[in-house]
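*Asks:* You'll find query08.cif just under this line, and it carries mmCIF, C-alpha atoms.
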data_target
loop_
_atom_site.group_PDB
_atom_site.id
_atom_site.type_symbol
_atom_site.label_atom_id
_atom_site.label_comp_id
_atom_site.auth_asym_id
_atom_site.auth_seq_id
_atom_site.Cartn_x
_atom_site.Cartn_y
_atom_site.Cartn_z
ATOM 1 C CA MET A 1228 -35.338 -17.651 23.759
ATOM 2 C CA ALA A 1229 -34.318 -20.791 25.659
ATOM 3 C CA PRO A 1230 -34.910 -20.606 29.448
ATOM 4 C CA HIS A 1231 -31.362 -21.597 30.351
ATOM 5 C CA VAL A 1232 -30.048 -18.979 27.921
ATOM 6 C CA ILE A 1233 -32.181 -16.340 29.652
ATOM 7 C CA LEU A 1234 -30.837 -17.249 33.068
ATOM 8 C CA SER A 1235 -27.254 -17.381 31.815
ATOM 9 C CA VAL A 1236 -27.549 -13.938 30.272
ATOM 10 C CA LEU A 1237 -29.110 -12.433 33.401
ATOM 11 C CA LEU A 1238 -26.491 -13.965 35.695
ATOM 12 C CA ALA A 1239 -23.599 -12.983 33.470
ATOM 13 C CA LEU A 1240 -24.821 -9.434 33.089
ATOM 14 C CA SER A 1241 -25.337 -9.031 36.799
ATOM 15 C CA THR A 1242 -21.576 -9.244 37.160
ATOM 16 C CA ARG A 1243 -20.653 -7.423 33.951
ATOM 17 C CA VAL A 1244 -23.098 -4.580 33.644
ATOM 18 C CA ASN A 1245 -21.112 -2.199 35.854
ATOM 19 C CA ALA A 1246 -18.034 -2.806 33.732
ATOM 20 C CA VAL A 1247 -19.558 -1.820 30.387
ATOM 21 C CA PRO A 1248 -20.597 1.571 29.001
ATOM 22 C CA ILE A 1249 -24.233 2.262 29.807
ATOM 23 C CA PHE A 1250 -25.291 2.624 26.166
ATOM 24 C CA GLY A 1251 -28.986 2.556 27.063
ATOM 25 C CA ILE A 1252 -28.898 5.664 29.245
ATOM 26 C CA GLY A 1253 -29.812 7.997 26.398
ATOM 27 C CA ASN A 1254 -32.528 5.746 24.982
ATOM 28 C CA THR A 1255 -36.215 6.600 25.057
ATOM 29 C CA LYS A 1256 -38.187 5.752 28.196
ATOM 30 C CA SER A 1257 -41.925 6.326 28.377
ATOM 31 C CA HIS A 1258 -43.738 7.562 31.465
ATOM 32 C CA ALA A 1259 -47.165 7.631 29.821
ATOM 33 C CA ALA A 1260 -50.083 6.429 31.911
ATOM 34 C CA VAL A 1261 -51.011 2.776 31.510
ATOM 35 C CA SER A 1262 -54.574 1.519 31.094
ATOM 36 C CA ILE A 1263 -56.356 -1.776 31.729
ATOM 37 C CA LEU A 1264 -57.771 -3.477 28.637
ATOM 38 C CA SER A 1265 -61.253 -4.934 28.551
ATOM 39 C CA THR A 1266 -62.000 -8.499 27.501
ATOM 40 C CA ALA A 1267 -63.370 -7.120 24.242
ATOM 41 C CA GLN A 1268 -59.978 -5.518 23.614
ATOM 42 C CA THR A 1269 -57.984 -8.684 24.362
ATOM 43 C CA ASP A 1270 -60.236 -11.219 22.581
ATOM 44 C CA PRO A 1271 -58.595 -10.411 19.194
ATOM 45 C CA PHE A 1272 -55.277 -11.701 20.612
ATOM 46 C CA VAL A 1273 -56.582 -15.272 21.014
ATOM 47 C CA LYS A 1274 -56.212 -16.273 17.361
ATOM 48 C CA PRO A 1275 -52.655 -14.828 17.058
ATOM 49 C CA ALA A 1276 -51.759 -16.765 20.222
ATOM 50 C CA ARG A 1277 -53.106 -19.961 18.680
ATOM 51 C CA PHE A 1278 -51.157 -19.405 15.455
ATOM 52 C CA SER A 1279 -48.007 -18.748 17.500
ATOM 53 C CA GLN A 1280 -48.558 -22.021 19.367
ATOM 54 C CA ILE A 1281 -49.041 -23.942 16.113
ATOM 55 C CA ALA A 1282 -45.710 -22.627 14.798
ATOM 56 C CA TYR A 1283 -44.043 -25.157 17.135
ATOM 57 C CA CYS A 1284 -45.743 -28.041 15.276
ATOM 58 C CA SER A 1285 -43.991 -29.977 12.514
ATOM 59 C CA PRO A 1286 -44.354 -28.733 8.928
ATOM 60 C CA GLN A 1287 -46.050 -32.023 8.039
ATOM 61 C CA ALA A 1288 -48.724 -31.540 10.716
ATOM 62 C CA VAL A 1289 -49.288 -27.940 9.648
ATOM 63 C CA LEU A 1290 -49.559 -28.710 5.926
ATOM 64 C CA SER A 1291 -52.261 -31.275 6.656
ATOM 65 C CA TRP A 1292 -53.757 -28.992 9.345
ATOM 66 C CA ASN A 1293 -53.748 -32.001 11.607
ATOM 67 C CA CYS A 1294 -51.820 -30.877 14.679
ATOM 68 C CA GLY A 1295 -54.306 -31.867 17.351
ATOM 69 C CA PRO A 1296 -56.347 -29.483 19.533
ATOM 70 C CA ALA A 1297 -54.395 -26.424 18.376
ATOM 71 C CA CYS A 1298 -55.393 -26.902 14.724
ATOM 72 C CA ASP A 1299 -58.871 -28.124 15.684
ATOM 73 C CA ALA A 1300 -59.447 -24.765 17.386
ATOM 74 C CA LEU A 1301 -59.011 -23.002 14.019
ATOM 75 C CA PRO A 1302 -61.164 -24.863 11.465
ATOM 76 C CA GLY A 1303 -61.193 -23.850 7.828
ATOM 77 C CA ILE A 1304 -57.557 -22.726 7.644
ATOM 78 C CA GLU A 1305 -55.927 -23.361 4.252
ATOM 79 C CA PRO A 1306 -52.205 -24.245 4.506
ATOM 80 C CA ILE A 1307 -49.929 -22.785 1.842
ATOM 81 C CA ALA A 1308 -46.349 -23.495 2.910
ATOM 82 C CA ALA A 1309 -44.398 -24.696 5.935
ATOM 83 C CA GLY A 1310 -40.741 -25.359 6.649
ATOM 84 C CA GLY A 1311 -37.837 -25.102 9.047
ATOM 85 C CA ASP A 1312 -35.674 -27.755 10.664
ATOM 86 C CA ASP A 1313 -36.473 -27.087 14.353
ATOM 87 C CA GLY A 1314 -32.873 -25.942 14.757
ATOM 88 C CA LEU A 1315 -30.872 -23.329 12.879
ATOM 89 C CA VAL A 1316 -34.014 -22.575 10.854
ATOM 90 C CA PRO A 1317 -36.999 -22.357 13.238
ATOM 91 C CA ARG A 1318 -40.231 -23.831 11.964
ATOM 92 C CA TYR A 1319 -42.584 -21.471 10.169
ATOM 93 C CA PHE A 1320 -45.768 -21.605 8.159
ATOM 94 C CA ILE A 1321 -47.914 -19.567 5.802
ATOM 95 C CA VAL A 1322 -51.669 -20.146 5.646
ATOM 96 C CA HIS A 1323 -54.815 -18.505 4.313
ATOM 97 C CA ASP A 1324 -57.430 -17.592 6.914
ATOM 98 C CA PRO A 1325 -60.705 -17.265 4.960
ATOM 99 C CA THR A 1326 -62.576 -15.904 7.990
ATOM 100 C CA GLU A 1327 -60.221 -12.938 8.303
ATOM 101 C CA GLN A 1328 -59.471 -12.826 4.561
ATOM 102 C CA SER A 1329 -55.780 -12.724 5.351
ATOM 103 C CA ILE A 1330 -52.498 -14.504 4.733
ATOM 104 C CA VAL A 1331 -50.953 -15.566 8.042
ATOM 105 C CA VAL A 1332 -47.221 -16.039 8.704
ATOM 106 C CA ALA A 1333 -45.994 -17.517 11.987
ATOM 107 C CA HIS A 1334 -42.569 -18.450 13.366
ATOM 108 C CA GLN A 1335 -41.463 -20.940 16.036
ATOM 109 C CA GLY A 1336 -39.483 -19.900 19.096
ATOM 110 C CA THR A 1337 -36.270 -21.469 20.353
ATOM 111 C CA ASN A 1338 -36.037 -25.242 20.738
ATOM 112 C CA SER A 1339 -33.917 -25.374 23.892
ATOM 113 C CA THR A 1340 -33.056 -29.057 23.281
ATOM 114 C CA ASN A 1341 -31.364 -28.276 19.958
ATOM 115 C CA PRO A 1342 -27.940 -26.545 20.215
ATOM 116 C CA LEU A 1343 -28.307 -25.128 16.698
ATOM 117 C CA SER A 1344 -31.514 -23.388 17.739
ATOM 118 C CA VAL A 1345 -29.946 -22.007 20.912
ATOM 119 C CA ILE A 1346 -27.070 -20.554 18.859
ATOM 120 C CA ASN A 1347 -29.591 -18.168 17.281
ATOM 121 C CA ASP A 1348 -30.114 -16.600 20.729
ATOM 122 C CA LEU A 1349 -26.486 -16.510 21.824
ATOM 123 C CA GLU A 1350 -25.189 -14.336 18.974
ATOM 124 C CA PHE A 1351 -26.409 -11.056 20.443
ATOM 125 C CA ASN A 1352 -23.959 -8.511 19.046
ATOM 126 C CA LEU A 1353 -25.629 -5.429 17.588
ATOM 127 C CA GLU A 1354 -24.936 -5.367 13.839
ATOM 128 C CA PRO A 1355 -26.211 -3.124 10.988
ATOM 129 C CA LEU A 1356 -29.203 -4.305 8.977
ATOM 130 C CA ASP A 1357 -28.547 -6.264 5.789
ATOM 131 C CA SER A 1358 -28.774 -3.585 3.098
ATOM 132 C CA THR A 1359 -29.863 -6.167 0.517
ATOM 133 C CA LEU A 1360 -32.938 -7.119 2.535
ATOM 134 C CA PHE A 1361 -33.574 -3.596 3.854
ATOM 135 C CA PRO A 1362 -32.471 -1.263 1.050
ATOM 136 C CA GLY A 1363 -31.979 2.329 2.076
ATOM 137 C CA ALA A 1364 -31.995 1.624 5.813
ATOM 138 C CA SER A 1365 -29.660 3.840 7.823
ATOM 139 C CA SER A 1366 -26.377 2.287 8.939
ATOM 140 C CA SER A 1367 -27.250 3.477 12.455
ATOM 141 C CA ILE A 1368 -29.992 0.825 12.652
ATOM 142 C CA LYS A 1369 -28.595 -2.237 14.382
ATOM 143 C CA THR A 1370 -30.222 -5.529 15.349
ATOM 144 C CA HIS A 1371 -29.436 -8.640 17.372
ATOM 145 C CA ASP A 1372 -27.052 -10.538 15.107
ATOM 146 C CA GLY A 1373 -28.461 -14.004 15.819
ATOM 147 C CA PHE A 1374 -32.060 -12.912 15.237
ATOM 148 C CA ALA A 1375 -31.160 -11.108 12.014
ATOM 149 C CA LEU A 1376 -29.264 -14.094 10.623
ATOM 150 C CA THR A 1377 -32.142 -16.413 11.521
ATOM 151 C CA PHE A 1378 -34.660 -14.085 9.869
ATOM 152 C CA ALA A 1379 -32.528 -13.875 6.710
ATOM 153 C CA ARG A 1380 -32.561 -17.659 6.232
ATOM 154 C CA THR A 1381 -36.278 -17.601 5.373
ATOM 155 C CA ALA A 1382 -36.913 -13.973 4.317
ATOM 156 C CA ASP A 1383 -36.925 -14.507 0.546
ATOM 157 C CA GLU A 1384 -39.051 -17.641 0.812
ATOM 158 C CA ILE A 1385 -41.559 -15.871 3.047
ATOM 159 C CA LEU A 1386 -41.760 -12.922 0.653
ATOM 160 C CA GLY A 1387 -42.216 -15.157 -2.398
ATOM 161 C CA ASN A 1388 -44.941 -17.270 -0.812
ATOM 162 C CA VAL A 1389 -46.786 -14.306 0.680
ATOM 163 C CA THR A 1390 -46.713 -12.383 -2.603
ATOM 164 C CA ALA A 1391 -48.063 -15.396 -4.509
ATOM 165 C CA ALA A 1392 -50.716 -16.119 -1.862
ATOM 166 C CA LEU A 1393 -52.011 -12.558 -1.844
ATOM 167 C CA GLN A 1394 -52.586 -12.835 -5.564
ATOM 168 C CA SER A 1395 -53.984 -16.376 -5.660
ATOM 169 C CA LYS A 1396 -56.361 -15.840 -2.715
ATOM 170 C CA GLY A 1397 -57.407 -12.356 -3.767
ATOM 171 C CA VAL A 1398 -56.774 -10.756 -0.385
ATOM 172 C CA ASN A 1399 -54.773 -7.711 0.677
ATOM 173 C CA LYS A 1400 -54.052 -8.390 4.348
ATOM 174 C CA VAL A 1401 -51.079 -10.114 6.008
ATOM 175 C CA GLU A 1402 -50.893 -11.166 9.667
ATOM 176 C CA ILE A 1403 -47.552 -12.046 11.267
ATOM 177 C CA HIS A 1404 -47.167 -13.850 14.582
ATOM 178 C CA GLY A 1405 -44.628 -15.678 16.720
ATOM 179 C CA HIS A 1406 -43.377 -16.409 20.204
ATOM 180 C CA SER A 1407 -39.956 -15.720 21.753
ATOM 181 C CA LEU A 1408 -37.279 -16.055 19.034
ATOM 182 C CA GLY A 1409 -40.196 -16.434 16.626
ATOM 183 C CA ALA A 1410 -41.542 -13.087 17.823
ATOM 184 C CA ALA A 1411 -38.251 -11.376 16.959
ATOM 185 C CA ILE A 1412 -38.262 -12.965 13.488
ATOM 186 C CA ALA A 1413 -41.905 -11.982 12.996
ATOM 187 C CA VAL A 1414 -41.128 -8.328 13.723
ATOM 188 C CA MET A 1415 -38.319 -8.374 11.156
ATOM 189 C CA ASP A 1416 -40.740 -9.994 8.706
ATOM 190 C CA ALA A 1417 -43.218 -7.179 9.315
ATOM 191 C CA VAL A 1418 -40.708 -4.444 8.502
ATOM 192 C CA PHE A 1419 -39.258 -6.409 5.580
ATOM 193 C CA LEU A 1420 -42.654 -7.150 4.011
ATOM 194 C CA ARG A 1421 -43.764 -3.543 4.479
ATOM 195 C CA GLN A 1422 -40.793 -2.454 2.369
ATOM 196 C CA HIS A 1423 -41.374 -5.033 -0.362
ATOM 197 C CA LEU A 1424 -45.155 -5.439 -0.676
ATOM 198 C CA ASP A 1425 -47.538 -3.033 -2.346
ATOM 199 C CA PRO A 1426 -48.539 -0.163 -0.016
ATOM 200 C CA SER A 1427 -52.189 -1.205 -0.390
ATOM 201 C CA VAL A 1428 -51.496 -4.422 1.549
ATOM 202 C CA THR A 1429 -52.365 -4.166 5.252
ATOM 203 C CA ILE A 1430 -49.861 -5.772 7.629
ATOM 204 C CA SER A 1431 -50.847 -6.658 11.193
ATOM 205 C CA THR A 1432 -48.322 -8.021 13.700
ATOM 206 C CA THR A 1433 -49.026 -9.558 17.113
ATOM 207 C CA VAL A 1434 -46.249 -11.407 18.935
ATOM 208 C CA PHE A 1435 -45.671 -12.979 22.347
ATOM 209 C CA GLY A 1436 -42.739 -13.216 24.757
ATOM 210 C CA LEU A 1437 -40.580 -10.880 22.668
ATOM 211 C CA PRO A 1438 -36.924 -10.283 23.627
ATOM 212 C CA ARG A 1439 -35.320 -6.967 22.736
ATOM 213 C CA SER A 1440 -34.074 -7.252 19.173
ATOM 214 C CA GLY A 1441 -32.168 -4.085 18.304
ATOM 215 C CA ASN A 1442 -30.999 -0.619 19.248
ATOM 216 C CA GLN A 1443 -32.838 2.687 19.605
ATOM 217 C CA ALA A 1444 -32.656 3.343 15.862
ATOM 218 C CA TRP A 1445 -34.185 -0.099 15.212
ATOM 219 C CA ALA A 1446 -36.985 0.591 17.706
ATOM 220 C CA ASN A 1447 -37.774 3.858 15.921
ATOM 221 C CA PHE A 1448 -37.589 2.102 12.525
ATOM 222 C CA VAL A 1449 -40.102 -0.523 13.687
ATOM 223 C CA ASP A 1450 -42.440 2.156 15.039
ATOM 224 C CA GLN A 1451 -42.315 3.908 11.666
ATOM 225 C CA ASN A 1452 -42.704 0.829 9.471
ATOM 226 C CA ALA A 1453 -44.943 -1.438 11.571
ATOM 227 C CA PRO A 1454 -47.513 0.891 13.152
ATOM 228 C CA GLY A 1455 -49.981 -0.918 15.363
ATOM 229 C CA LEU A 1456 -47.573 -3.762 16.109
ATOM 230 C CA THR A 1457 -48.392 -5.431 19.431
ATOM 231 C CA HIS A 1458 -45.943 -7.347 21.624
ATOM 232 C CA ILE A 1459 -47.522 -9.188 24.544
ATOM 233 C CA HIS A 1460 -45.618 -10.187 27.680
ATOM 234 C CA ASN A 1461 -46.871 -12.589 30.321
ATOM 235 C CA LYS A 1462 -46.608 -11.737 34.025
ATOM 236 C CA ASN A 1463 -42.979 -12.075 35.255
ATOM 237 C CA ASP A 1464 -41.484 -13.466 32.047
ATOM 238 C CA PRO A 1465 -37.779 -12.447 32.011
ATOM 239 C CA VAL A 1466 -37.383 -12.618 28.225
ATOM 240 C CA GLY A 1467 -38.706 -9.099 27.703
ATOM 241 C CA ARG A 1468 -35.802 -7.833 29.810
ATOM 242 C CA VAL A 1469 -33.038 -9.341 27.652
ATOM 243 C CA PRO A 1470 -30.744 -8.440 26.070
ATOM 244 C CA PRO A 1471 -30.539 -5.518 28.521
ATOM 245 C CA ARG A 1472 -30.828 -1.830 27.740
ATOM 246 C CA ALA A 1473 -27.361 -1.397 29.270
ATOM 247 C CA LEU A 1474 -25.955 -3.080 26.154
ATOM 248 C CA GLY A 1475 -27.798 -0.724 23.812
ATOM 249 C CA PHE A 1476 -30.966 -2.741 23.203
ATOM 250 C CA GLN A 1477 -34.372 -1.081 23.103
ATOM 251 C CA HIS A 1478 -38.006 -2.218 22.836
ATOM 252 C CA PHE A 1479 -40.225 -0.471 20.308
ATOM 253 C CA SER A 1480 -43.763 0.651 21.123
ATOM 254 C CA GLY A 1481 -46.824 -1.564 21.351
ATOM 255 C CA GLU A 1482 -46.388 -3.381 24.672
ATOM 256 C CA ILE A 1483 -49.274 -5.208 26.322
ATOM 257 C CA HIS A 1484 -48.469 -6.768 29.719
ATOM 258 C CA ILE A 1485 -50.542 -9.570 31.254
ATOM 259 C CA GLN A 1486 -50.603 -9.110 35.027
ATOM 260 C CA ALA A 1487 -50.530 -11.701 37.815
ATOM 261 C CA ASN A 1488 -54.315 -11.366 38.159
ATOM 262 C CA SER A 1489 -54.657 -12.036 34.378
ATOM 263 C CA THR A 1490 -55.775 -8.508 33.511
ATOM 264 C CA SER A 1491 -53.936 -6.913 30.598
ATOM 265 C CA VAL A 1492 -52.335 -3.488 30.712
ATOM 266 C CA ASN A 1493 -51.545 -1.267 27.753
ATOM 267 C CA CYS A 1494 -48.057 0.266 28.203
ATOM 268 C CA PRO A 1495 -47.783 3.213 25.775
ATOM 269 C CA GLY A 1496 -44.497 4.270 24.199
ATOM 270 C CA GLN A 1497 -41.097 2.635 24.232
ATOM 271 C CA GLU A 1498 -39.865 1.012 27.466
ATOM 272 C CA ASN A 1499 -42.676 2.259 29.668
ATOM 273 C CA GLN A 1500 -41.352 2.620 33.220
ATOM 274 C CA ASP A 1501 -44.590 1.837 35.033
ATOM 275 C CA SER A 1502 -44.240 -1.081 37.479
ATOM 276 C CA GLU A 1503 -46.960 -2.928 35.559
ATOM 277 C CA CYS A 1504 -44.846 -2.936 32.372
ATOM 278 C CA VAL A 1505 -41.839 -5.045 31.344
ATOM 279 C CA ASP A 1506 -39.100 -2.508 32.031
ATOM 280 C CA GLY A 1507 -40.611 -1.627 35.398
ATOM 281 C CA GLU A 1508 -40.694 -5.226 36.677
ATOM 282 C CA ASN A 1509 -38.828 -6.187 39.830
ATOM 283 C CA LEU A 1510 -35.906 -8.391 38.771
ATOM 284 C CA LEU A 1511 -36.310 -10.482 41.930
ATOM 285 C CA HIS A 1512 -39.763 -11.662 40.838
ATOM 286 C CA LEU A 1513 -38.909 -12.992 37.371
ATOM 287 C CA SER A 1514 -40.243 -16.441 36.424
ATOM 288 C CA VAL A 1515 -39.067 -18.411 33.383
ATOM 289 C CA ASP A 1516 -42.265 -20.483 33.435
ATOM 290 C CA ASP A 1517 -44.273 -17.354 32.651
ATOM 291 C CA HIS A 1518 -42.498 -17.147 29.302
ATOM 292 C CA PHE A 1519 -44.425 -20.158 28.041
ATOM 293 C CA GLY A 1520 -47.819 -18.938 29.213
ATOM 294 C CA PRO A 1521 -50.578 -19.322 29.653
ATOM 295 C CA TYR A 1522 -51.506 -16.376 27.449
ATOM 296 C CA TYR A 1523 -55.062 -15.696 26.276
ATOM 297 C CA ASP A 1524 -57.635 -18.498 26.309
ATOM 298 C CA ASN A 1525 -55.174 -20.542 28.401
ATOM 299 C CA ILE A 1526 -52.806 -20.955 25.430
ATOM 300 C CA SER A 1527 -49.201 -21.920 26.201
ATOM 301 C CA MET A 1528 -46.330 -21.992 23.725
ATOM 302 C CA SER A 1529 -43.403 -24.397 23.300
ATOM 303 C CA GLY A 1530 -42.760 -27.751 21.664
ATOM 304 C CA ASP A 1531 -44.456 -29.423 24.638
ATOM 305 C CA PHE A 1532 -47.758 -27.843 23.659
ATOM 306 C CA CYS A 1533 -47.627 -28.957 20.017
ATOM 307 C CA PRO A 1534 -45.732 -32.260 19.944
ATOM 308 C CA LEU A 1535 -47.047 -33.381 16.535
#
Once you've parsed the file, please lay out its structure as structure tokens.
*Replies:*
Amino acid sequence: MAPHVILSVLLALSTRVNAVPIFGIGNTKSHAAVSILSTAQTDPFVKPARFSQIAYCSPQAVLSWNCGPACDALPGIEPIAAGGDDGLVPRYFIVHDPTEQSIVVAHQGTNSTNPLSVINDLEFNLEPLDSTLFPGASSSIKTHDGFALTFARTADEILGNVTAALQSKGVNKVEIHGHSLGAAIAVMDAVFLRQHLDPSVTISTTVFGLPRSGNQAWANFVDQNAPGLTHIHNKNDPVGRVPPRALGFQHFSGEIHIQANSTSVNCPGQENQDSECVDGENLLHLSVDDHFGPYYDNISMSGDFCPL
């Protein structure tokens, strides 16, 4: 999400929240004990962070795998498809990672300089899932309208390319990554692909700087259909706190929170209330700069960090 959008939402809600029904009161809150992760446990997040950074690069740079230091850090990657207009349709790519024997999908976050991109964040009504894309999903499952519409613009193309790549490369693993708005799209991709790909295909999802993207029913649906999903939040990044639970939004499980001292904490369950987790953060200490990073291996994410 765009930094100025985050601040606008937080300021607006500070004056409105007492005037709206507290829909989030009945939602799940975890009080499970947190644990510090070792370096060996966080090292696997470096490559997803790099892919998420590269999603901000132009499709042309990605298709030639010539996007500067970010691409140089991942030699041997085989590009398959890339697209997006850096606005209403965030950039995305699909590649083959021979080392991991996987097909990788990654989505760009908001371009705060493009009004069409920012619009994707501002439409935050909770609306039912598209029954065409998610057949059989309960009407009680509702998602952030702007995120869902943005996801839908590339869903069929992602599915077609991933299906073809799995067959042509002879692999059975898909990895999905993204940052900010791209993280929200990536999560929807994960659930969507799980419903449409063969059950034998393994789907792994690691995202960064994730905003809340749906209601309690959506959080439960993600937990059921994307087990093992990991969403990583950096220090005092405010994006994980919006849209607020008071408006009916809910994080699913899988939170990892990078602390001020750069250690990482595993926050079990949905909306863990520990002070070292996103929902337990002090609102007075939030920092928009933390949204961009640095994450693991000193990787930061925005158009500034992949200008090609």
*Asks:* Using only C-alpha atoms, collect all residues at a distance of at most 8 Å from (-39.5, 1.3, 19.2) as written in the file, then present them as a PyMOL selection string.
*Replies:* chain A and resi 1443-1450+1477-1480+1496-1497
*Asks:* Save out the residues we just selected, C-alpha atoms, as a compact mmCIF listing (two decimals), in the coordinates of the input.
*Replies:*
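Output contents, as saved in part19.txt:
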# COMPACT_ATOMS: atom_id res chain seq x y z
CA GLN A 1443 -32.84 2.69 19.60
CA ALA A 1444 -32.66 3.34 15.86
CA TRP A 1445 -34.18 -0.10 15.21
CA ALA A 1446 -36.98 0.59 17.71
CA ASN A 1447 -37.77 3.86 15.92
CA PHE A 1448 -37.59 2.10 12.52
CA VAL A 1449 -40.10 -0.52 13.69
CA ASP A 1450 -42.44 2.16 15.04
CA GLN A 1477 -34.37 -1.08 23.10
CA HIS A 1478 -38.01 -2.22 22.84
CA PHE A 1479 -40.22 -0.47 20.31
CA SER A 1480 -43.76 0.65 21.12
CA GLY A 1496 -44.50 4.27 24.20
CA GLN A 1497 -41.10 2.64 24.23
*Asks:* As an exercise, work out the distance from CA of Ile1263 (chain A) to CA of Gly1467 (chain A) in Å and give it to one decimal place.
*Replies:*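 For CA of Ile1263 (chain A) relative to CA of Gly1467 (chain A), the distance reads 19.5 Å.
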*Asks:* Return as JSON lines the residues of region 1378-1436 of chain A lying at most 12 Å from region 1268-1292 of chain A, together with the closest atom-to-atom pair for each and the distance in Å to one decimal, counting only C-alpha atoms, with rows in chain order and ascending residue number.
*Replies:*
{"residue": "A:Glu1402", "atom": "CA", "partner": "A:Pro1275", "partner_atom": "CA", "distance": 8.4}
{"residue": "A:Ile1403", "atom": "CA", "partner": "A:Pro1275", "partner_atom": "CA", "distance": 8.2}
{"residue": "A:His1404", "atom": "CA", "partner": "A:Ser1279", "partner_atom": "CA", "distance": 5.8}
{"residue": "A:Gly1405", "atom": "CA", "partner": "A:Ser1279", "partner_atom": "CA", "distance": 4.6}
{"residue": "A:His1406", "atom": "CA", "partner": "A:Ser1279", "partner_atom": "CA", "distance": 5.8}
{"residue": "A:Ser1407", "atom": "CA", "partner": "A:Ser1279", "partner_atom": "CA", "distance": 9.6}
{"residue": "A:Leu1408", "atom": "CA", "partner": "A:Ser1279", "partner_atom": "CA", "distance": 11.2}
{"residue": "A:Gly1409", "atom": "CA", "partner": "A:Ser1279", "partner_atom": "CA", "distance": 8.2}
{"residue": "A:Ala1410", "atom": "CA", "partner": "A:Ser1279", "partner_atom": "CA", "distance": 8.6}
{"residue": "A:Ala1413", "atom": "CA", "partner": "A:Ser1279", "partner_atom": "CA", "distance": 10.2}
{"residue": "A:Ser1431", "atom": "CA", "partner": "A:Pro1275", "partner_atom": "CA", "distance": 10.2}
{"residue": "A:Thr1432", "atom": "CA", "partner": "A:Pro1275", "partner_atom": "CA", "distance": 8.7}
{"residue": "A:Thr1433", "atom": "CA", "partner": "A:Pro1275", "partner_atom": "CA", "distance": 6.4}
{"residue": "A:Val1434", "atom": "CA", "partner": "A:Pro1275", "partner_atom": "CA", "distance": 7.5}
{"residue": "A:Phe1435", "atom": "CA", "partner": "A:Ala1276", "partner_atom": "CA", "distance": 7.5}
{"residue": "A:Gly1436", "atom": "CA", "partner": "A:Ser1279", "partner_atom": "CA", "distance": 10.5}
*Asks:* Given the file shown, determine the residues that the PyMOL selection byres ((chain A and resi 1329) around 8) selects; report them as a list of chain:residue names.
*Replies:*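 Applied to this file, the PyMOL selection byres ((chain A and resi 1329) around 8) returns A:His1323, A:Asp1324, A:Pro1325, A:Thr1326, A:Glu1327, A:Gln1328, A:Ile1330, A:Val1331, A:Val1398, A:Asn1399, A:Lys1400, A:Val1401, A:Glu1402.
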*Asks:* Could you work out how far CA of Ile1321 (chain A) lies from CA of Ala1333 (chain A), giving the answer in Å with one decimal?
*Replies:*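 CA of Ala1333 (chain A) sits 6.8 Å away from CA of Ile1321 (chain A).
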*Asks:* Suppose you want the space between CA of Ala1379 (chain A) and CA of Asp1416 (chain A); what is it in Å?
*Replies:*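 Straight-line distance from CA of Ala1379 (chain A) to CA of Asp1416 (chain A) works out to 9.3 Å.
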*Asks:* Under the rule that only C-alpha atoms are counted, which of A:Pro1495, A:Pro1296, A:Gly1441, A:Gly1520 is the nearest residue to Asp1372 (chain A)?
*Replies:*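 Of all the options, A:Gly1441 lies closest to Asp1372 (chain A).
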*Asks:* Please, could N, CA and C atoms be added to region 1298-1307 of chain A and the result written as a PDB file, in the coordinates of the input?
*Replies:*
ATOM      1  N   CYS A1298     -54.820 -27.078  16.063  1.00  0.00           N
ATOM      2  CA  CYS A1298     -55.393 -26.902  14.724  1.00  0.00           C
ATOM      3  C   CYS A1298     -56.917 -27.030  14.750  1.00  0.00           C
ATOM      4  N   ASP A1299     -57.420 -27.945  15.590  1.00  0.00           N
ATOM      5  CA  ASP A1299     -58.871 -28.124  15.684  1.00  0.00           C
ATOM      6  C   ASP A1299     -59.565 -26.845  16.125  1.00  0.00           C
ATOM      7  N   ALA A1300     -58.860 -26.019  16.895  1.00  0.00           N
ATOM      8  CA  ALA A1300     -59.447 -24.765  17.386  1.00  0.00           C
ATOM      9  C   ALA A1300     -59.602 -23.723  16.282  1.00  0.00           C
ATOM     10  N   LEU A1301     -58.956 -23.959  15.132  1.00  0.00           N
ATOM     11  CA  LEU A1301     -59.011 -23.002  14.019  1.00  0.00           C
ATOM     12  C   LEU A1301     -59.443 -23.733  12.751  1.00  0.00           C
ATOM     13  N   PRO A1302     -60.702 -24.141  12.664  1.00  0.00           N
ATOM     14  CA  PRO A1302     -61.164 -24.863  11.465  1.00  0.00           C
ATOM     15  C   PRO A1302     -61.200 -23.965  10.235  1.00  0.00           C
ATOM     16  N   GLY A1303     -61.064 -24.588   9.083  1.00  0.00           N
ATOM     17  CA  GLY A1303     -61.193 -23.850   7.828  1.00  0.00           C
ATOM     18  C   GLY A1303     -59.918 -23.200   7.326  1.00  0.00           C
ATOM     19  N   ILE A1304     -58.826 -23.318   8.071  1.00  0.00           N
ATOM     20  CA  ILE A1304     -57.557 -22.726   7.644  1.00  0.00           C
ATOM     21  C   ILE A1304     -57.016 -23.493   6.442  1.00  0.00           C
ATOM     22  N   GLU A1305     -56.460 -22.756   5.483  1.00  0.00           N
ATOM     23  CA  GLU A1305     -55.927 -23.361   4.252  1.00  0.00           C
ATOM     24  C   GLU A1305     -54.405 -23.226   4.232  1.00  0.00           C
ATOM     25  N   PRO A1306     -53.681 -24.312   4.513  1.00  0.00           N
ATOM     26  CA  PRO A1306     -52.205 -24.245   4.506  1.00  0.00           C
ATOM     27  C   PRO A1306     -51.657 -23.934   3.118  1.00  0.00           C
ATOM     28  N   ILE A1307     -50.584 -23.158   3.097  1.00  0.00           N
ATOM     29  CA  ILE A1307     -49.929 -22.785   1.842  1.00  0.00           C
ATOM     30  C   ILE A1307     -48.494 -23.296   1.807  1.00  0.00           C
TER      31      ILE A1307
END
